[in-house]
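Undergrad: Below is a structure I'd like to ask you about.
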Amino acid sequence: MAHHKPLPPQGPPSDVEDIKVRSNYLRGTLEESLLDPITGAISHDDNRLMKFHGSYMQDDRDLRNERQKQKLEPAYQFMLRVRAPGGVVTPEQWLVLDGMAQKYANGQIRLTTRQSFQFHGILKWNMKSSIREVNDVLLTTLAACGDVNRNVMCNPNPYQSDVHGEVYAWASKLSQHLEPATKAYHEIWLDGEKVLPTEEEGKEVEPIYGKVYLPRKFKIGVAVPPSNDVDVFSQDLGLIAVLGGDNKLLGFNVAVGGGMGMSYGDPKTYPQLARVIGFCRPEQVLEVAEKTVMIQRDHGDRSVRKHARFKYTIDDRGIEWFIEELHERLGWKLEAERPYKFDHNGDRYGWVKGNNGKWHLTLFLENGRIKDEGSARQMTGLREIARVHTGDFRLTPNQNLIIGNVTTQKKKKVEALVQEYGLTGGEHNSVLRKSSMACVALPTCGLAMAESERYMPDLLGKLEPVLAEAGLGDESIVIRMTGCPNGCARPFLGEIAFTGKAPGKYNLYLGAGFAGDRLNKMYKENIGEEEILSTLTPIINQYAQERHDGEHFGDFVIRAGIIGKTYDGTNFHD
């Protein structure tokens, strides 16, 4: 037996564990809460359960003070997330989601960093209709949030269409296999027949998750080298496709224990990279994922939610413990890791012809926000494209959109609509802007300490001239911003990153790997725009003068001794 570290004793279960136990497999009093005409809100306990159904209650923080003065309750509204494995939807599905945004949400769609669709501003009274319309076109919001496996990410790489198709099929199977089995969702939202959970025929209601589900959310991503656009090392479970000489899928390298979130002032929390532990064949992948999830179910911390992610379960006990536990549950062993190489994690913009003879167009959507504004009428343009398009739409892990599988006959028509409505492959945007990501933050996210999506474009507008002047206008640098340290836009994998600390103040991080395989480190704490620019300008100029041929910014700041190198989150705060 491998030597295992002694574990800190776990305290009593947290209040969320109690809510899950009492919820009767995620039912709670959600039905009653939704019907209560006196308030636009739902109860605290029901809001915890609502996450499992794909939604969070929020309020518009821009309106808080005004409403308080008028003695009105906050402007309660719901964010709804739609799960589509690998972010692939049909034109018909797109039109329904577009209609939903107009009818029930704030007239906008947001593409998330997990290849999901997000809608903001839905009122309680419209939640049921919204969810029903999603389900009518065979999509779901179930498990888009909550202590379960979230949307399975997958590389939407159009170059290797044959392999991509196969990898996407496995991502969809994983998503389905790990979906909660409770009938609560159908009962509450789709007027399904009420089913009392019984241990019918000796089967548990939740064969994988059990009565209390997981201690925290669980994330899976599937990457197809050379592109690491899904940030595979940020996932609880990362799968790296291994291709044979004839571009056939041989299987997957398995990486475990990644995760982005941390809390300020708590050094026991940190971002972490997943570690590759071996290789499995495609047909073994569902079993590997299921057993991995079950190990986290049985051993994750249910006492302290901040310490409940899978990365801490592994780091507390050691990676050897996990491998041993996994092999024991599988009854067979993973093979040795196979060689692979990542060389980037961004998107490739514009038109590309795939192996299947069809065309793919990657559009740049800043921070994933789809809306009509001024002359750029993205929302209307994409609606018009969906009306004529016969292929699919693919959300990229960088919040952009691929109009996929366009026939040669349709290409001209699609291109004309792109021009007419001001959609863009990013031709007029800087390389820096196209390598950027930001989370939603204010005004809707309750956790945000500072602006992110609304501020990032302005900050980039001030950094672009600095890069241009240094002769780096064509240089791709991975740059990310979040309103808090929870890590939704995967900031700790940014070569330059900002996490919100207070209104207008950010922590600045430097030094992650361009291909998403190394963490960054904090360089300066709690700084405003002026200091951000005065700090980065000399470093950017130094990079321009001293870099080696082809050297990425993140590698340079480490070689130049500006910041330390971090491959293990346990050293993140050193």
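Ligands are numbered from 1 in the order shown, residues from 1 within each chain, and chains are lettered A, B, ... in the order they appear in the structure tokens.
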Find the nearest atom pair between each residue of stretch 374-415 of chain A and stretch 109-113 of chain A for residues within 7 Å, count only C-alpha atoms, give distances in Å to one decimal, sort rows by chain and ascending number, and present the table as JSON lines.

TA:
{"residue": "A:Pro397", "atom": "CA", "partner": "A:Thr113", "partner_atom": "CA", "distance": 5.1}
{"residue": "A:Asn398", "atom": "CA", "partner": "A:Thr113", "partner_atom": "CA", "distance": 5.8}
{"residue": "A:Gln399", "atom": "CA", "partner": "A:Leu111", "partner_atom": "CA", "distance": 5.3}

Undergrad: List the neighbours of stretch 77-93 of chain A out to 6 Å using only C-alpha atoms; skip same-chain residues closer than 5 positions along the sequence, and give me the result as a list in words.

TA: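 Final neighbour list, sorted by chain and number: Gly54, Ser55, Tyr56, Met57, Gln58, Asp59, Gln115, Ser116, Phe117, Gln118, Phe119, His120, Gly121, Ile122, Leu123, Val137, Thr140, Thr141, Ala144, Asn151, Val152, Met153, Cys154, Ser172, Ala386, Asp392, Phe393, Arg394 and Leu395 of chain A.
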
Undergrad: Measure the distance from atom CA of A:Ser234 to atom CA of A:Tyr312 in Å and round it to one decimal.

TA: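 Result for atom CA of A:Ser234 versus atom CA of A:Tyr312: 13.5 Å, one decimal.
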
Undergrad: Tell me, which residues of stretch 322-388 of chain A carry DSSP helix (DSSP H, G or I), written as a ChimeraX atom specification?

TA: /A:322-330,366-368,378-388

Undergrad: I'd like the contact shell of stretch 359-362 of chain A - 7 Å cut-off, only C-alpha atoms, skipping same-chain residues fewer than 3 positions apart - returned as number ranges by chain.

TA: A: 158, 348-354, 401-407, 425

Undergrad: Residues of stretch 390-543 of chain A in strand (DSSP E) according to DSSP, as a PyMOL selection string?

TA: chain A and resi 392-395+401-406+436-438+479-482+496-502+505-510+521-527

Undergrad: How would the residues just picked look written out with N, CA, C and O atoms as a short mmCIF file (atom, residue, chain, number, x, y, z; two decimals), in the first residue's frame?

TA:
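Wrote it out as again-v9.cif, contents follow:
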data_model
loop_
_atom_site.label_atom_id
_atom_site.label_comp_id
_atom_site.auth_asym_id
_atom_site.auth_seq_id
_atom_site.Cartn_x
_atom_site.Cartn_y
_atom_site.Cartn_z
N ASP A 392 -24.44 23.43 -38.15
CA ASP A 392 -24.65 23.59 -36.71
C ASP A 392 -23.98 24.87 -36.23
O ASP A 392 -23.28 25.54 -36.98
N PHE A 393 -24.25 25.20 -34.98
CA PHE A 393 -23.55 26.30 -34.30
C PHE A 393 -22.72 25.66 -33.20
O PHE A 393 -23.22 24.80 -32.47
N ARG A 394 -21.45 26.09 -33.06
CA ARG A 394 -20.59 25.52 -32.02
C ARG A 394 -20.03 26.63 -31.16
O ARG A 394 -19.39 27.56 -31.68
N LEU A 395 -20.25 26.54 -29.86
CA LEU A 395 -19.71 27.54 -28.93
C LEU A 395 -18.28 27.15 -28.62
O LEU A 395 -18.01 25.98 -28.34
N LEU A 401 -18.02 31.97 -31.38
CA LEU A 401 -19.02 31.13 -32.02
C LEU A 401 -18.53 30.65 -33.38
O LEU A 401 -18.04 31.44 -34.18
N ILE A 402 -18.67 29.34 -33.61
CA ILE A 402 -18.36 28.79 -34.93
C ILE A 402 -19.68 28.48 -35.63
O ILE A 402 -20.54 27.80 -35.07
N ILE A 403 -19.84 29.03 -36.83
CA ILE A 403 -20.97 28.61 -37.67
C ILE A 403 -20.41 27.42 -38.43
O ILE A 403 -19.58 27.57 -39.33
N GLY A 404 -20.81 26.22 -38.01
CA GLY A 404 -20.14 25.00 -38.43
C GLY A 404 -20.85 24.29 -39.58
O GLY A 404 -22.06 24.39 -39.73
N ASN A 405 -20.04 23.57 -40.35
CA ASN A 405 -20.58 22.71 -41.42
C ASN A 405 -21.46 23.47 -42.41
O ASN A 405 -22.60 23.08 -42.67
N VAL A 406 -20.92 24.56 -42.92
CA VAL A 406 -21.64 25.34 -43.93
C VAL A 406 -21.33 24.72 -45.29
O VAL A 406 -20.16 24.48 -45.61
N SER A 436 -8.61 37.48 -25.37
CA SER A 436 -9.06 37.88 -24.03
C SER A 436 -10.35 37.18 -23.63
O SER A 436 -11.12 36.75 -24.48
N MET A 437 -10.56 37.08 -22.33
CA MET A 437 -11.80 36.52 -21.78
C MET A 437 -12.13 37.25 -20.50
O MET A 437 -11.25 37.60 -19.72
N ALA A 438 -13.45 37.46 -20.27
CA ALA A 438 -13.88 38.07 -19.02
C ALA A 438 -15.17 37.41 -18.57
O ALA A 438 -15.95 36.94 -19.38
N ILE A 479 -4.97 36.92 -22.11
CA ILE A 479 -5.28 37.91 -21.07
C ILE A 479 -6.71 37.69 -20.57
O ILE A 479 -7.63 37.51 -21.36
N ARG A 480 -6.87 37.65 -19.25
CA ARG A 480 -8.18 37.29 -18.68
C ARG A 480 -8.52 38.15 -17.48
O ARG A 480 -7.63 38.57 -16.75
N MET A 481 -9.83 38.36 -17.27
CA MET A 481 -10.27 39.18 -16.15
C MET A 481 -11.52 38.57 -15.52
O MET A 481 -12.42 38.12 -16.22
N THR A 482 -11.56 38.57 -14.17
CA THR A 482 -12.76 38.16 -13.46
C THR A 482 -13.07 39.18 -12.36
O THR A 482 -12.17 39.88 -11.90
N ILE A 496 -1.40 37.20 -18.64
CA ILE A 496 -1.68 38.39 -17.84
C ILE A 496 -3.11 38.22 -17.36
O ILE A 496 -4.00 37.88 -18.15
N ALA A 497 -3.36 38.41 -16.05
CA ALA A 497 -4.73 38.24 -15.57
C ALA A 497 -5.03 39.21 -14.45
O ALA A 497 -4.14 39.66 -13.72
N PHE A 498 -6.32 39.52 -14.33
CA PHE A 498 -6.80 40.44 -13.29
C PHE A 498 -7.97 39.79 -12.57
O PHE A 498 -8.88 39.27 -13.22
N THR A 499 -7.95 39.81 -11.24
CA THR A 499 -9.14 39.37 -10.49
C THR A 499 -9.58 40.53 -9.60
O THR A 499 -8.76 41.16 -8.93
N GLY A 500 -10.89 40.80 -9.62
CA GLY A 500 -11.44 41.96 -8.91
C GLY A 500 -11.25 41.86 -7.40
O GLY A 500 -11.41 40.80 -6.80
N LYS A 501 -10.89 42.99 -6.78
CA LYS A 501 -10.63 43.04 -5.35
C LYS A 501 -11.62 43.97 -4.67
O LYS A 501 -12.07 43.76 -3.56
N ALA A 502 -11.95 45.08 -5.35
CA ALA A 502 -12.89 46.09 -4.86
C ALA A 502 -13.25 46.92 -6.09
O ALA A 502 -12.58 46.79 -7.12
N LYS A 505 -10.49 48.06 -8.45
CA LYS A 505 -9.18 47.53 -7.99
C LYS A 505 -9.06 46.04 -8.32
O LYS A 505 -10.01 45.27 -8.14
N TYR A 506 -7.85 45.66 -8.74
CA TYR A 506 -7.63 44.27 -9.18
C TYR A 506 -6.29 43.75 -8.68
O TYR A 506 -5.35 44.52 -8.48
N ASN A 507 -6.21 42.44 -8.52
CA ASN A 507 -4.91 41.79 -8.35
C ASN A 507 -4.39 41.47 -9.75
O ASN A 507 -5.16 41.02 -10.60
N LEU A 508 -3.10 41.68 -9.94
CA LEU A 508 -2.48 41.42 -11.24
C LEU A 508 -1.63 40.15 -11.16
O LEU A 508 -0.80 40.02 -10.26
N TYR A 509 -1.88 39.22 -12.07
CA TYR A 509 -1.14 37.95 -12.11
C TYR A 509 -0.38 37.85 -13.43
O TYR A 509 -0.87 38.28 -14.47
N LEU A 510 0.81 37.24 -13.37
CA LEU A 510 1.63 37.07 -14.58
C LEU A 510 2.20 35.65 -14.64
O LEU A 510 2.37 35.00 -13.61
N LYS A 521 1.09 33.71 -11.26
CA LYS A 521 1.34 34.05 -9.86
C LYS A 521 1.01 35.52 -9.66
O LYS A 521 1.15 36.33 -10.59
N MET A 522 0.63 35.90 -8.45
CA MET A 522 0.31 37.30 -8.21
C MET A 522 1.56 38.16 -8.27
O MET A 522 2.57 37.85 -7.65
N TYR A 523 1.46 39.25 -9.04
CA TYR A 523 2.59 40.17 -9.17
C TYR A 523 2.35 41.44 -8.34
O TYR A 523 3.23 41.94 -7.68
N LYS A 524 1.10 41.96 -8.40
CA LYS A 524 0.77 43.14 -7.59
C LYS A 524 -0.66 43.02 -7.09
O LYS A 524 -1.53 42.52 -7.80
N GLU A 525 -0.88 43.51 -5.89
CA GLU A 525 -2.19 43.35 -5.26
C GLU A 525 -2.95 44.67 -5.25
O GLU A 525 -2.37 45.73 -5.04
N ASN A 526 -4.27 44.57 -5.52
CA ASN A 526 -5.19 45.69 -5.25
C ASN A 526 -4.78 46.97 -5.96
O ASN A 526 -4.62 48.02 -5.33
N ILE A 527 -4.62 46.92 -7.28
CA ILE A 527 -4.20 48.13 -8.00
C ILE A 527 -5.28 48.61 -8.97
O ILE A 527 -6.08 47.80 -9.47
#

Undergrad: Just want the 7 Å neighbourhood of stretch 531-542 of chain A, counted on only C-alpha atoms, with same-chain residues fewer than 5 positions away dropped. Output as a list in words.

TA: Val466, Leu467 and Ala470 of chain A

Undergrad: Rounded to one decimal in Å, what is the spacing between atom CA of A:Asp517 and atom CA of A:Gly426?

TA: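 For atom CA of A:Asp517 relative to atom CA of A:Gly426, the distance reads 25.9 Å.
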
Undergrad: Rounded to one decimal in Å, what is the spacing between atom CA of A:Pro485 and atom CA of A:Ala448?

TA: 8.8 Å

Undergrad: So that I can see what lies close to A:Leu49, please list as a ChimeraX atom specification the residues with an atom at most 12 Å from it, counting only C-alpha atoms and leaving out residues fewer than 6 positions away in the same chain.

TA: /A:16-31,33,42-43,55-57,142-143,145-148,184-185,188,212-213

Undergrad: Can you spit out the residues from that selection as a CSV table (one decimal), in the first residue's frame, using N, CA, C and O atoms?

TA:
chain,number,residue,atom,x,y,z
A,16,VAL,N,-25.5,23.4,3.4
A,16,VAL,CA,-25.9,23.0,2.1
A,16,VAL,C,-26.2,21.5,2.0
A,16,VAL,O,-27.1,21.0,1.4
A,17,GLU,N,-25.3,20.8,2.8
A,17,GLU,CA,-25.5,19.3,2.8
A,17,GLU,C,-26.9,19.0,3.4
A,17,GLU,O,-27.6,18.1,3.0
A,18,ASP,N,-27.2,19.7,4.5
A,18,ASP,CA,-28.5,19.5,5.1
A,18,ASP,C,-29.6,19.8,4.2
A,18,ASP,O,-30.6,19.1,4.1
A,19,ILE,N,-29.5,20.9,3.4
A,19,ILE,CA,-30.6,21.3,2.5
A,19,ILE,C,-30.8,20.2,1.4
A,19,ILE,O,-31.9,19.8,1.1
A,20,LYS,N,-29.6,19.6,1.0
A,20,LYS,CA,-29.7,18.5,0.0
A,20,LYS,C,-30.4,17.3,0.5
A,20,LYS,O,-31.2,16.7,-0.1
A,21,VAL,N,-30.0,17.0,1.8
A,21,VAL,CA,-30.6,15.8,2.4
A,21,VAL,C,-32.1,15.9,2.5
A,21,VAL,O,-32.9,15.0,2.2
A,22,ARG,N,-32.5,17.1,3.0
A,22,ARG,CA,-34.0,17.4,3.2
A,22,ARG,C,-34.7,17.6,1.9
A,22,ARG,O,-36.0,17.6,1.9
A,23,SER,N,-34.0,17.8,0.8
A,23,SER,CA,-34.7,18.2,-0.5
A,23,SER,C,-35.5,17.1,-1.2
A,23,SER,O,-36.2,17.4,-2.1
A,24,ASN,N,-35.4,15.9,-0.7
A,24,ASN,CA,-36.1,14.8,-1.4
A,24,ASN,C,-35.7,14.8,-2.9
A,24,ASN,O,-36.4,15.0,-3.8
A,25,TYR,N,-34.4,14.6,-3.1
A,25,TYR,CA,-33.8,14.5,-4.4
A,25,TYR,C,-34.1,15.8,-5.2
A,25,TYR,O,-34.7,15.7,-6.3
A,26,LEU,N,-33.7,16.9,-4.7
A,26,LEU,CA,-33.8,18.2,-5.4
A,26,LEU,C,-35.1,18.8,-5.6
A,26,LEU,O,-35.3,19.8,-6.3
A,27,ARG,N,-36.1,18.3,-4.8
A,27,ARG,CA,-37.5,18.9,-5.0
A,27,ARG,C,-37.6,20.1,-4.1
A,27,ARG,O,-38.1,21.2,-4.5
A,28,GLY,N,-37.3,19.9,-2.8
A,28,GLY,CA,-37.5,21.0,-1.8
A,28,GLY,C,-38.9,21.6,-1.9
A,28,GLY,O,-39.8,20.8,-2.1
A,29,THR,N,-39.0,22.9,-1.7
A,29,THR,CA,-40.4,23.5,-1.8
A,29,THR,C,-40.4,24.4,-3.0
A,29,THR,O,-41.0,25.4,-3.1
A,30,LEU,N,-39.6,24.0,-4.1
A,30,LEU,CA,-39.5,24.8,-5.3
A,30,LEU,C,-40.9,25.1,-5.9
A,30,LEU,O,-41.1,26.2,-6.3
A,31,GLU,N,-41.7,24.1,-6.0
A,31,GLU,CA,-43.0,24.3,-6.7
A,31,GLU,C,-43.8,25.4,-5.9
A,31,GLU,O,-44.3,26.3,-6.6
A,33,SER,N,-42.6,27.8,-3.9
A,33,SER,CA,-41.8,29.0,-4.0
A,33,SER,C,-42.1,29.7,-5.3
A,33,SER,O,-42.3,31.0,-5.4
A,42,ILE,N,-37.3,33.5,-4.4
A,42,ILE,CA,-37.6,32.2,-3.8
A,42,ILE,C,-36.8,32.1,-2.5
A,42,ILE,O,-35.8,32.9,-2.3
A,43,SER,N,-37.1,31.2,-1.7
A,43,SER,CA,-36.4,31.1,-0.4
A,43,SER,C,-34.9,30.7,-0.6
A,43,SER,O,-34.5,30.1,-1.6
A,55,SER,N,-30.2,27.2,-12.6
A,55,SER,CA,-30.5,28.6,-12.5
A,55,SER,C,-30.0,29.2,-11.1
A,55,SER,O,-29.9,28.4,-10.2
A,56,TYR,N,-29.7,30.4,-11.1
A,56,TYR,CA,-29.3,31.1,-9.9
A,56,TYR,C,-30.3,32.3,-9.8
A,56,TYR,O,-30.5,33.0,-10.8
A,57,MET,N,-30.7,32.6,-8.6
A,57,MET,CA,-31.4,33.9,-8.4
A,57,MET,C,-30.4,35.0,-8.2
A,57,MET,O,-29.4,34.8,-7.5
A,142,LEU,N,-30.9,21.2,-16.7
A,142,LEU,CA,-30.6,20.3,-15.6
A,142,LEU,C,-29.1,20.2,-15.5
A,142,LEU,O,-28.4,19.9,-16.5
A,143,ALA,N,-28.6,20.4,-14.3
A,143,ALA,CA,-27.1,20.1,-14.0
A,143,ALA,C,-26.2,21.1,-14.7
A,143,ALA,O,-25.0,20.9,-14.8
A,145,CYS,N,-25.7,23.9,-13.3
A,145,CYS,CA,-25.1,24.4,-12.1
A,145,CYS,C,-25.3,23.4,-11.0
A,145,CYS,O,-25.9,22.3,-11.3
A,146,GLY,N,-24.9,23.6,-9.8
A,146,GLY,CA,-25.1,22.6,-8.7
A,146,GLY,C,-24.0,21.7,-8.5
A,146,GLY,O,-23.0,21.7,-9.2
A,147,ASP,N,-24.1,20.9,-7.4
A,147,ASP,CA,-23.1,20.0,-7.0
A,147,ASP,C,-23.1,18.6,-7.7
A,147,ASP,O,-23.3,17.6,-7.2
A,148,VAL,N,-22.9,18.8,-9.0
A,148,VAL,CA,-23.0,17.6,-9.9
A,148,VAL,C,-22.0,17.9,-11.1
A,148,VAL,O,-21.3,18.9,-11.1
A,184,ALA,N,-37.3,15.0,-10.3
A,184,ALA,CA,-37.7,16.3,-9.8
A,184,ALA,C,-37.8,17.3,-10.9
A,184,ALA,O,-38.8,18.1,-10.9
A,185,TYR,N,-36.8,17.3,-11.8
A,185,TYR,CA,-36.8,18.3,-12.8
A,185,TYR,C,-38.0,18.2,-13.7
A,185,TYR,O,-38.7,19.2,-14.0
A,188,ILE,N,-41.2,19.4,-11.7
A,188,ILE,CA,-41.3,20.8,-11.4
A,188,ILE,C,-41.5,21.7,-12.6
A,188,ILE,O,-42.4,22.6,-12.7
A,212,VAL,N,-27.0,12.8,-1.4
A,212,VAL,CA,-26.6,14.2,-1.2
A,212,VAL,C,-25.7,14.7,-2.3
A,212,VAL,O,-25.0,15.7,-2.2
A,213,TYR,N,-25.7,14.0,-3.5
A,213,TYR,CA,-25.0,14.5,-4.6
A,213,TYR,C,-23.5,14.7,-4.3
A,213,TYR,O,-23.0,14.0,-3.4

Undergrad: Between A:Glu73, A:Asp15, A:Asp229, A:Glu328, which one has atoms that come closest to A:Ile38, using only C-alpha atoms?

TA: A:Glu73

Undergrad: Using only C-alpha atoms, which residue out of A:Arg275, A:Lys51, A:Lys410, A:His299 lies closest to A:Gly569?

TA: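 Of A:Arg275, A:Lys51, A:Lys410, A:His299, the one nearest A:Gly569 is A:Arg275, counting only C-alpha atoms.
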
Undergrad: Give me, as a tab-separated table (two decimals) with N, CA, C and O atoms, in the first residue's frame, all polymer residues having an atom no more than 9 Å from A:Pro12, counting only C-alpha atoms and skipping those fewer than 3 positions away in the same chain.

TA:
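Resulting contents of selection-v9.tsv:
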chain	number	residue	atom	x	y	z
A	302	ARG	N	-17.30	17.58	2.99
A	302	ARG	CA	-18.70	18.04	3.04
A	302	ARG	C	-18.91	19.02	4.19
A	302	ARG	O	-20.03	19.43	4.48
A	303	SER	N	-17.84	19.38	4.84
A	303	SER	CA	-17.94	20.27	5.99
A	303	SER	C	-17.66	21.72	5.58
A	303	SER	O	-18.40	22.62	5.91
A	304	VAL	N	-16.57	21.91	4.84
A	304	VAL	CA	-16.16	23.26	4.44
A	304	VAL	C	-16.27	23.36	2.92
A	304	VAL	O	-15.47	22.77	2.19

Undergrad: Tell me which of A:Leu472, A:Leu250, A:Met260, A:Leu243 sits closest to A:Cys484, counting only C-alpha atoms.

TA: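 Looking at the shortest contact to A:Cys484, the residue is A:Met260.
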
Undergrad: Within 12 Å of A:Glu166, counting only C-alpha atoms, which residues show up once you throw out same-chain ones fewer than 4 positions away? Write them as a list of chain:residue names, please.

TA: A:Gly86, A:Cys154, A:Asn155, A:Pro156, A:Asn157, A:Gln160, A:Ser161, A:Asp162, A:Trp170, A:Ala171, A:Ser172, A:Lys173, A:Val222, A:Val224, A:Ala241, A:Leu243, A:Asn247, A:Lys248, A:Leu249, A:Leu250, A:Gly251, A:Pro282, A:Glu283

Undergrad: Could those selected residues go to a file with N, CA and C atoms, as an mmCIF file, in the first residue's frame?

TA:
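Dumped to out-v7.cif:
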data_model
loop_
_atom_site.group_PDB
_atom_site.id
_atom_site.type_symbol
_atom_site.label_atom_id
_atom_site.label_comp_id
_atom_site.auth_asym_id
_atom_site.auth_seq_id
_atom_site.Cartn_x
_atom_site.Cartn_y
_atom_site.Cartn_z
ATOM 1 N N GLY A 86 -20.201 20.083 -25.346
ATOM 2 C CA GLY A 86 -19.338 20.549 -26.423
ATOM 3 C C GLY A 86 -19.864 21.801 -27.101
ATOM 4 N N CYS A 154 -15.736 20.410 -24.843
ATOM 5 C CA CYS A 154 -15.115 19.602 -25.889
ATOM 6 C C CYS A 154 -14.570 20.530 -26.953
ATOM 7 N N ASN A 155 -13.413 20.184 -27.506
ATOM 8 C CA ASN A 155 -12.768 20.995 -28.518
ATOM 9 C C ASN A 155 -13.620 21.051 -29.793
ATOM 10 N N PRO A 156 -14.051 22.263 -30.211
ATOM 11 C CA PRO A 156 -14.883 22.335 -31.425
ATOM 12 C C PRO A 156 -14.034 22.456 -32.680
ATOM 13 N N ASN A 157 -12.858 21.829 -32.683
ATOM 14 C CA ASN A 157 -11.845 21.974 -33.714
ATOM 15 C C ASN A 157 -12.341 21.510 -35.086
ATOM 16 N N GLN A 160 -10.039 18.803 -37.736
ATOM 17 C CA GLN A 160 -9.983 17.339 -37.689
ATOM 18 C C GLN A 160 -11.397 16.828 -37.555
ATOM 19 N N SER A 161 -12.221 17.185 -38.525
ATOM 20 C CA SER A 161 -13.643 16.910 -38.383
ATOM 21 C C SER A 161 -13.956 15.472 -38.010
ATOM 22 N N ASP A 162 -13.268 14.516 -38.634
ATOM 23 C CA ASP A 162 -13.608 13.113 -38.369
ATOM 24 C C ASP A 162 -13.380 12.813 -36.897
ATOM 25 N N TRP A 170 -18.224 11.185 -27.647
ATOM 26 C CA TRP A 170 -17.872 10.723 -26.300
ATOM 27 C C TRP A 170 -18.216 11.785 -25.248
ATOM 28 N N ALA A 171 -18.020 13.059 -25.592
ATOM 29 C CA ALA A 171 -18.371 14.142 -24.657
ATOM 30 C C ALA A 171 -19.875 14.114 -24.364
ATOM 31 N N SER A 172 -20.682 13.878 -25.404
ATOM 32 C CA SER A 172 -22.141 13.809 -25.222
ATOM 33 C C SER A 172 -22.524 12.615 -24.367
ATOM 34 N N LYS A 173 -21.861 11.475 -24.609
ATOM 35 C CA LYS A 173 -22.168 10.276 -23.817
ATOM 36 C C LYS A 173 -21.821 10.499 -22.350
ATOM 37 N N VAL A 222 -12.729 17.847 -22.592
ATOM 38 C CA VAL A 222 -12.041 16.939 -23.518
ATOM 39 C C VAL A 222 -11.287 17.778 -24.549
ATOM 40 N N VAL A 224 -8.503 18.113 -27.880
ATOM 41 C CA VAL A 224 -7.877 17.441 -29.018
ATOM 42 C C VAL A 224 -6.604 18.213 -29.358
ATOM 43 N N ALA A 241 -7.344 13.743 -26.020
ATOM 44 C CA ALA A 241 -7.464 12.758 -27.101
ATOM 45 C C ALA A 241 -6.076 12.394 -27.630
ATOM 46 N N LEU A 243 -4.246 10.561 -30.777
ATOM 47 C CA LEU A 243 -4.546 10.120 -32.136
ATOM 48 C C LEU A 243 -3.439 9.224 -32.664
ATOM 49 N N ASN A 247 -4.629 9.488 -37.884
ATOM 50 C CA ASN A 247 -5.598 10.406 -37.276
ATOM 51 C C ASN A 247 -6.818 9.702 -36.692
ATOM 52 N N LYS A 248 -6.652 8.445 -36.320
ATOM 53 C CA LYS A 248 -7.738 7.718 -35.657
ATOM 54 C C LYS A 248 -7.621 7.933 -34.153
ATOM 55 N N LEU A 249 -8.759 7.969 -33.471
ATOM 56 C CA LEU A 249 -8.761 8.162 -32.017
ATOM 57 C C LEU A 249 -8.366 6.850 -31.334
ATOM 58 N N LEU A 250 -7.221 6.850 -30.635
ATOM 59 C CA LEU A 250 -6.779 5.636 -29.926
ATOM 60 C C LEU A 250 -7.363 5.587 -28.515
ATOM 61 N N GLY A 251 -7.602 6.781 -27.939
ATOM 62 C CA GLY A 251 -8.098 6.834 -26.563
ATOM 63 C C GLY A 251 -7.786 8.184 -25.962
ATOM 64 N N PRO A 282 -11.158 4.532 -25.687
ATOM 65 C CA PRO A 282 -12.414 5.291 -25.743
ATOM 66 C C PRO A 282 -13.569 4.590 -24.999
ATOM 67 N N GLU A 283 -13.675 3.269 -25.187
ATOM 68 C CA GLU A 283 -14.825 2.567 -24.574
ATOM 69 C C GLU A 283 -14.705 2.448 -23.050
#
